[in-house]
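Here's protein11.tsv, which has TSV, C-alpha atoms:
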```
chain	number	residue	atom	x	y	z
A	1	MET	CA	2.86	-8.58	-4.43
A	2	LEU	CA	4.12	-9.61	-7.86
A	3	ALA	CA	6.70	-7.37	-9.51
A	4	GLU	CA	4.44	-6.58	-12.49
A	5	GLU	CA	1.60	-5.49	-10.22
A	6	ARG	CA	3.97	-3.37	-8.13
A	7	ARG	CA	5.32	-1.64	-11.24
A	8	ARG	CA	1.79	-0.99	-12.47
A	9	LEU	CA	1.02	0.66	-9.12
A	10	ILE	CA	4.16	2.79	-9.41
A	11	LEU	CA	2.87	4.17	-12.73
A	12	VAL	CA	-0.55	4.82	-11.14
A	13	GLU	CA	1.14	6.73	-8.29
A	14	LEU	CA	3.23	8.75	-10.75
A	15	ASP	CA	0.32	9.59	-13.05
A	16	GLY	CA	-0.86	13.19	-12.72
A	17	THR	CA	2.25	14.35	-10.81
A	18	ASP	CA	5.47	16.11	-11.81
A	19	GLY	CA	7.43	13.33	-10.14
A	20	MET	CA	7.84	11.37	-6.92
A	21	ARG	CA	10.78	10.55	-4.70
A	22	ASN	CA	11.91	7.00	-4.00
A	23	GLU	CA	10.98	7.42	-0.34
A	24	GLU	CA	7.39	8.40	-1.22
A	25	LEU	CA	6.96	5.38	-3.47
A	26	SER	CA	8.53	3.12	-0.86
A	27	ARG	CA	6.06	4.25	1.82
A	28	SER	CA	3.08	4.11	-0.51
A	29	LEU	CA	3.77	0.57	-1.73
A	30	ASP	CA	5.27	-0.66	1.57
A	31	VAL	CA	8.45	-2.01	-0.01
A	32	SER	CA	12.13	-1.17	0.38
A	33	ILE	CA	13.79	1.72	-1.44
A	34	GLU	CA	16.11	-0.78	-3.14
A	35	THR	CA	13.07	-2.58	-4.57
A	36	ILE	CA	11.71	0.74	-5.83
A	37	ARG	CA	15.03	1.57	-7.48
A	38	ARG	CA	15.08	-1.78	-9.30
A	39	ASP	CA	11.47	-1.31	-10.44
A	40	LEU	CA	12.19	2.21	-11.69
A	41	GLN	CA	15.14	0.94	-13.69
A	42	VAL	CA	12.94	-1.67	-15.38
A	43	LEU	CA	10.18	0.88	-16.08
A	44	GLU	CA	12.68	3.35	-17.52
A	45	GLU	CA	14.08	0.67	-19.82
A	46	GLN	CA	10.48	0.09	-20.99
A	47	GLY	CA	10.14	3.81	-21.71
A	48	LYS	CA	7.35	4.28	-19.15
A	49	LEU	CA	9.07	6.87	-16.92
A	50	ARG	CA	12.33	8.73	-16.43
A	51	ARG	CA	14.61	8.25	-13.47
A	52	VAL	CA	16.22	11.35	-11.92
A	53	HIS	CA	18.35	11.77	-8.83
A	54	GLY	CA	16.27	10.52	-5.90
A	55	GLY	CA	13.13	9.54	-7.78
A	56	ALA	CA	11.27	9.40	-11.07
A	57	ILE	CA	9.27	11.72	-13.32
A	58	PRO	CA	6.66	11.05	-16.05
A	59	THR	CA	7.94	10.71	-19.59
A	60	HIS	CA	6.11	13.85	-20.75
A	61	ILE	CA	8.55	16.10	-18.86
A	62	SER	CA	11.09	17.40	-21.34
A	63	ARG	CA	14.64	16.06	-21.29
A	64	HIS	CA	15.80	19.61	-21.92
A	65	VAL	CA	14.43	20.96	-18.62
A	66	GLU	CA	17.42	21.56	-16.35
A	67	ASP	CA	17.90	19.68	-13.08
A	68	PRO	CA	16.91	22.47	-10.64
A	69	TYR	CA	13.41	22.47	-12.16
A	70	ILE	CA	13.20	18.68	-11.85
A	71	ASP	CA	14.36	18.89	-8.23
A	72	ARG	CA	11.56	21.34	-7.47
A	73	ALA	CA	9.04	19.20	-9.34
A	74	LEU	CA	9.91	16.22	-7.17
A	75	ALA	CA	9.68	18.20	-3.94
A	76	HIS	CA	6.30	18.18	-2.15
A	77	SER	CA	4.61	16.44	-5.09
A	78	ALA	CA	1.64	15.15	-3.05
A	79	GLN	CA	0.96	18.66	-1.73
A	80	LYS	CA	1.06	20.06	-5.26
A	81	VAL	CA	-1.50	17.49	-6.39
A	82	ALA	CA	-3.86	18.60	-3.60
A	83	ILE	CA	-3.38	22.25	-4.56
A	84	ALA	CA	-3.90	21.43	-8.24
A	85	ASN	CA	-7.23	19.72	-7.57
A	86	ALA	CA	-8.42	22.73	-5.58
A	87	VAL	CA	-7.38	25.14	-8.33
A	88	VAL	CA	-9.03	23.14	-11.11
A	89	SER	CA	-12.32	23.19	-9.19
A	90	LEU	CA	-12.20	27.02	-9.27
A	91	LEU	CA	-11.30	27.50	-12.94
A	92	PRO	CA	-14.15	28.86	-15.09
A	93	SER	CA	-15.20	26.52	-17.88
A	94	GLN	CA	-15.29	28.27	-21.26
A	95	GLY	CA	-13.52	31.24	-19.65
A	96	THR	CA	-10.20	32.96	-20.27
A	97	ILE	CA	-7.46	31.86	-17.88
A	98	PHE	CA	-3.87	32.98	-17.34
A	99	LEU	CA	-1.38	30.34	-16.14
A	100	ASP	CA	1.96	31.38	-14.71
A	101	LEU	CA	5.16	29.34	-14.71
A	102	GLY	CA	6.38	26.82	-12.13
A	103	THR	CA	5.98	23.27	-10.94
A	104	THR	CA	2.75	23.86	-8.99
A	105	VAL	CA	1.13	25.42	-12.06
A	106	ALA	CA	2.35	22.44	-14.11
A	107	ALA	CA	0.60	20.18	-11.61
A	108	VAL	CA	-2.59	22.19	-12.20
A	109	VAL	CA	-2.28	21.58	-15.95
A	110	ASN	CA	-1.81	17.85	-15.34
A	111	HIS	CA	-5.16	17.76	-13.52
A	112	ILE	CA	-7.28	19.72	-16.01
A	113	PRO	CA	-9.86	17.29	-17.44
A	114	GLN	CA	-9.56	16.45	-21.14
A	115	ASP	CA	-13.08	17.76	-21.81
A	116	PHE	CA	-12.40	21.14	-20.16
A	117	GLU	CA	-13.03	24.06	-22.53
A	118	ALA	CA	-11.21	27.38	-22.14
A	119	THR	CA	-8.82	29.88	-23.63
A	120	ILE	CA	-5.56	29.71	-21.70
A	121	ILE	CA	-2.85	32.34	-21.87
A	122	THR	CA	0.60	31.51	-20.53
A	123	THR	CA	4.15	32.81	-20.37
A	124	SER	CA	5.53	29.29	-19.88
A	125	VAL	CA	6.70	27.27	-22.87
A	126	TYR	CA	6.51	24.15	-20.71
A	127	VAL	CA	2.90	24.81	-19.66
A	128	ALA	CA	1.96	25.48	-23.29
A	129	THR	CA	3.52	22.16	-24.28
A	130	LEU	CA	1.50	20.28	-21.67
A	131	LEU	CA	-1.68	22.00	-22.85
A	132	ALA	CA	-1.06	20.87	-26.43
A	133	HIS	CA	-2.71	17.56	-25.48
A	134	HIS	CA	-6.05	19.29	-24.71
A	135	GLU	CA	-8.14	19.51	-27.87
A	136	ASN	CA	-10.77	21.77	-26.25
A	137	ILE	CA	-8.31	24.38	-24.98
A	138	ASP	CA	-7.17	27.29	-27.12
A	139	VAL	CA	-3.61	28.16	-26.07
A	140	LEU	CA	-2.11	31.64	-26.41
A	141	LEU	CA	1.65	31.77	-25.70
A	142	SER	CA	3.31	35.15	-25.18
A	143	GLY	CA	6.52	36.21	-26.80
A	144	GLY	CA	9.52	37.47	-24.88
A	145	ARG	CA	12.95	36.44	-23.65
A	146	MET	CA	13.07	32.81	-22.49
A	147	ARG	CA	14.72	31.87	-19.20
A	148	ARG	CA	16.32	28.46	-19.36
A	149	GLY	CA	15.27	25.89	-16.81
A	150	ASP	CA	11.68	27.00	-16.20
A	151	LEU	CA	11.26	27.88	-19.91
A	152	SER	CA	9.44	31.07	-18.90
A	153	LEU	CA	9.04	34.20	-21.02
A	154	SER	CA	9.40	37.79	-19.82
A	155	GLY	CA	10.32	41.30	-20.96
A	156	GLY	CA	8.73	44.07	-22.99
A	157	ALA	CA	7.23	41.80	-25.64
A	158	THR	CA	5.58	39.70	-22.94
A	159	LEU	CA	4.07	42.72	-21.19
A	160	ASN	CA	2.84	44.20	-24.48
A	161	PHE	CA	1.12	40.91	-25.29
A	162	LEU	CA	-0.58	40.70	-21.88
A	163	SER	CA	-1.47	44.39	-21.54
A	164	GLU	CA	-4.75	44.04	-23.44
A	165	ILE	CA	-5.84	40.74	-21.86
A	166	TYR	CA	-8.23	40.73	-18.90
A	167	PRO	CA	-8.67	37.06	-17.95
A	168	ASP	CA	-11.49	35.61	-15.89
A	169	ALA	CA	-8.90	33.92	-13.68
A	170	ALA	CA	-5.14	33.98	-13.20
A	171	VAL	CA	-3.13	31.24	-11.50
A	172	ILE	CA	0.07	32.81	-10.17
A	173	SER	CA	3.04	30.99	-8.69
A	174	THR	CA	5.40	32.35	-6.06
A	175	GLY	CA	8.63	31.51	-4.28
A	176	ALA	CA	7.82	32.50	-0.70
A	177	ILE	CA	5.00	33.79	1.52
A	178	ASP	CA	5.29	35.57	4.87
A	179	ILE	CA	2.58	37.30	6.84
A	180	SER	CA	4.63	40.50	7.16
A	181	THR	CA	6.59	40.67	3.90
A	182	GLY	CA	3.76	39.23	1.81
A	183	VAL	CA	4.04	37.19	-1.39
A	184	THR	CA	7.59	37.33	-2.77
A	185	ASP	CA	9.53	35.68	-5.58
A	186	PHE	CA	13.08	35.03	-6.78
A	187	GLN	CA	12.95	36.19	-10.41
A	188	PHE	CA	12.94	39.96	-10.94
A	189	GLU	CA	12.35	39.63	-14.68
A	190	GLU	CA	9.01	37.87	-14.14
A	191	LEU	CA	7.75	40.20	-11.42
A	192	GLN	CA	6.00	42.61	-13.79
A	193	VAL	CA	3.98	39.78	-15.37
A	194	LYS	CA	2.62	38.80	-11.95
A	195	HIS	CA	1.83	42.44	-11.08
A	196	LEU	CA	-0.03	42.92	-14.35
A	197	MET	CA	-2.15	39.79	-14.00
A	198	LEU	CA	-2.97	40.60	-10.37
A	199	ARG	CA	-4.38	43.92	-11.61
A	200	GLN	CA	-6.19	42.71	-14.71
A	201	ALA	CA	-7.63	39.29	-13.85
A	202	ARG	CA	-11.14	39.09	-12.41
A	203	ASN	CA	-10.09	36.35	-9.96
A	204	THR	CA	-6.52	35.69	-8.87
A	205	LEU	CA	-5.30	32.42	-7.41
A	206	VAL	CA	-1.83	32.54	-5.84
A	207	VAL	CA	-0.54	28.98	-5.34
A	208	ALA	CA	2.23	27.81	-3.01
A	209	ASP	CA	2.85	24.62	-1.07
A	210	SER	CA	3.17	24.98	2.70
A	211	SER	CA	6.98	24.70	2.65
A	212	LYS	CA	7.11	28.21	1.16
A	213	PHE	CA	5.28	29.81	4.11
A	214	GLY	CA	7.25	31.76	6.69
A	215	LYS	CA	9.92	32.57	4.11
A	216	THR	CA	10.85	35.68	2.12
A	217	ALA	CA	12.29	35.90	-1.40
A	218	PRO	CA	14.05	39.05	-2.70
A	219	PHE	CA	11.24	40.55	-4.81
A	220	ARG	CA	7.76	41.54	-3.63
A	221	VAL	CA	4.72	40.38	-5.58
A	222	CYS	CA	1.80	41.54	-3.41
A	223	ASP	CA	0.26	41.56	0.08
A	224	VAL	CA	-1.14	38.26	1.32
A	225	SER	CA	-4.63	39.81	1.21
A	226	THR	CA	-4.40	40.89	-2.46
A	227	PRO	CA	-5.37	37.70	-4.37
A	228	THR	CA	-8.88	36.32	-4.50
A	229	HIS	CA	-7.53	33.02	-3.16
A	230	LEU	CA	-4.24	32.08	-1.52
A	231	ILE	CA	-4.14	28.32	-2.03
A	232	THR	CA	-1.88	25.95	-0.14
A	233	ASP	CA	-1.93	22.44	1.32
A	234	GLY	CA	-2.69	21.13	4.80
A	235	GLY	CA	0.92	21.35	5.96
A	236	LEU	CA	0.48	24.71	7.71
A	237	ASN	CA	0.50	24.47	11.50
A	238	ASP	CA	-2.39	25.87	13.55
A	239	SER	CA	-0.60	29.09	14.49
A	240	GLN	CA	0.29	29.86	10.86
A	241	ARG	CA	-3.25	29.19	9.72
A	242	GLU	CA	-4.80	31.31	12.46
A	243	ALA	CA	-2.38	34.17	11.83
A	244	PHE	CA	-3.22	34.38	8.13
A	245	LEU	CA	-6.95	34.05	8.68
A	246	GLY	CA	-6.76	36.57	11.52
A	247	ILE	CA	-5.63	39.35	9.18
A	248	GLY	CA	-8.24	38.46	6.57
A	249	ALA	CA	-5.96	36.67	4.11
A	250	PRO	CA	-8.07	34.67	1.61
A	251	LEU	CA	-6.44	31.38	2.64
A	252	LEU	CA	-7.77	28.20	1.05
A	253	ILE	CA	-6.40	24.91	2.41
A	254	ALA	CA	-6.45	22.15	-0.21
```

Since I need it in another form, could you write the structure as structure tokens?
Amino acid sequence: MLAEERRRLILVELDGTDGMRNEELSRSLDVSIETIRRDLQVLEEQGKLRRVHGGAIPTHISRHVEDPYIDRALAHSAQKVAIANAVVSLLPSQGTIFLDLGTTVAAVVNHIPQDFEATIITTSVYVATLLAHHENIDVLLSGGRMRRGDLSLSGGATLNFLSEIYPDAAVISTGAIDISTGVTDFQFEELQVKHLMLRQARNTLVVADSSKFGKTAPFRVCDVSTPTHLITDGGLNDSQREAFLGIGAPLLIA
């Protein structure tokens, strides 16, 4: 395969993701990791992507987003794409939709068609920035205190803004899911936003890749049976899947 064709395929692979690791690109294109590294260097010099430790990310991701966010964006990128496609198929056209923060939600935004019409409310500056490219989407961004890294907003101003909004759907991210402890997260400040949207949205879609299952974060969001859909990828083993379905959890495998 010629170098130009290989580099074109790298950009195709990267399109619509939050990033890919060198190993993923190496397997996909059946070339060595060293070849991938050289190609990424050339493509970065051409301004077509950004290299980060262990991989590459699309140029639309802000240079001001701190490394831990980028590390999470690169992790399980193929699974997040599968989840994103499943979520987009459930979003109501011309409806009102709440989008939470996080890399999986960002993947959802990257897969919303350009002709999709909706009003989208978010507490993520990063998500709002991605949505700025959609001419048919009306974006409402809450106020509040911004947390660096994820560029998320929380606090009293955020809750006041959301208190009178009852969206048709809410896409909610999370840090961990366990059958006994439920849906949990790492950021206490953002917990109240998730609680509010779980109460006020008509349909709630909790999203998490399979690596987050069987784990517990410090702060409880809800029971696993609370959301309308609990959306993950095909990485769950049979026993995990059967256990969640056995207690009536609304599990949807992307």

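For the atom pair formed by CA of Pro227 in chain A and CA of Arg241 in chain A, the distance is 16.6 Å, given to one decimal.
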
Inset, instruction - Write out as an NGL selection string which residues come within 10 Å of Leu131 in chain A when counting all atoms listed in the file, dropping same-chain ones fewer than 2 positions away. - result: :A and (106 or 109-110 or 112 or 114 or 120 or 125-129 or 133-139)

Legend entry - Residue among A:Ala84, A:Gly47, A:Gly95, A:Ser154 lying closest to Thr122 in chain A, counting all atoms listed in the file: A:Ser154

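Non-sequential neighbours of Ala217 in chain A (distance at most 12 Å, separation of 2 or more positions within a chain, all atoms listed in the file) are Thr174, Gly175, Ala176, Ile177, Asp178, Thr181, Gly182, Val183, Thr184, Asp185, Phe186, Gln187, Phe188, Leu191, Lys212, Phe213, Gly214, Lys215, Phe219, Arg220 and Val221 of chain A.
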
Inset, instruction - For Ile231 in chain A, list every protein, DNA or RNA residue within 6 Å, evaluated using all atoms listed in the file, and leave out those in the same chain fewer than 2 positions away; present the list as a VMD selection string. - result: chain A and resid 207 229 252

For range 57-163 of chain A against range 11-16 of chain A, with a cut-off of 12 Å and counting all atoms listed in the file, what is the closest atom pair and its distance in Å to one decimal for every residue that makes the cut, ordered by chain and number, as a Markdown table?
```
| residue | atom | partner | partner_atom | distance |
| --- | --- | --- | --- | --- |
| A:Ile57 | CA | A:Leu14 | CA | 7.2 |
| A:Pro58 | CA | A:Leu14 | CA | 6.7 |
| A:Thr59 | CA | A:Asp15 | CA | 10.1 |
| A:His60 | CA | A:Asp15 | CA | 10.5 |
| A:Ile61 | CA | A:Gly16 | CA | 11.6 |
| A:Leu74 | CA | A:Leu14 | CA | 10.6 |
| A:Ser77 | CA | A:Leu14 | CA | 9.6 |
| A:Ala78 | CA | A:Glu13 | CA | 9.9 |
| A:Lys80 | CA | A:Gly16 | CA | 10.3 |
| A:Val81 | CA | A:Gly16 | CA | 7.7 |
| A:Ala82 | CA | A:Gly16 | CA | 11.0 |
| A:Ala84 | CA | A:Gly16 | CA | 9.9 |
| A:Asn85 | CA | A:Gly16 | CA | 10.5 |
| A:Thr104 | CA | A:Gly16 | CA | 11.9 |
| A:Ala106 | CA | A:Gly16 | CA | 9.9 |
| A:Ala107 | CA | A:Gly16 | CA | 7.2 |
| A:Val108 | CA | A:Gly16 | CA | 9.2 |
| A:Val109 | CA | A:Gly16 | CA | 9.1 |
| A:Asn110 | CA | A:Gly16 | CA | 5.4 |
| A:His111 | CA | A:Gly16 | CA | 6.3 |
| A:Ile112 | CA | A:Gly16 | CA | 9.7 |
| A:Pro113 | CA | A:Gly16 | CA | 11.0 |
| A:Leu130 | CA | A:Gly16 | CA | 11.7 |
```

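With distances restricted to only C-alpha atoms, A:Met197 is the closest residue to Thr226 in chain A from A:Gly155, A:Asp209, A:Met197, A:Thr123.
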
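Between CA of Asp30 in chain A and CA of Glu45 in chain A lies a distance of 23.2 Å.
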
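Counting all atoms listed in the file, the residue from A:Leu159, A:Ile172, A:Leu153, A:Val206 that sits nearest to Asp100 in chain A is A:Ile172.
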
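From CA of Phe161 in chain A back to CA of Ser142 in chain A, the distance works out to 6.2 Å.
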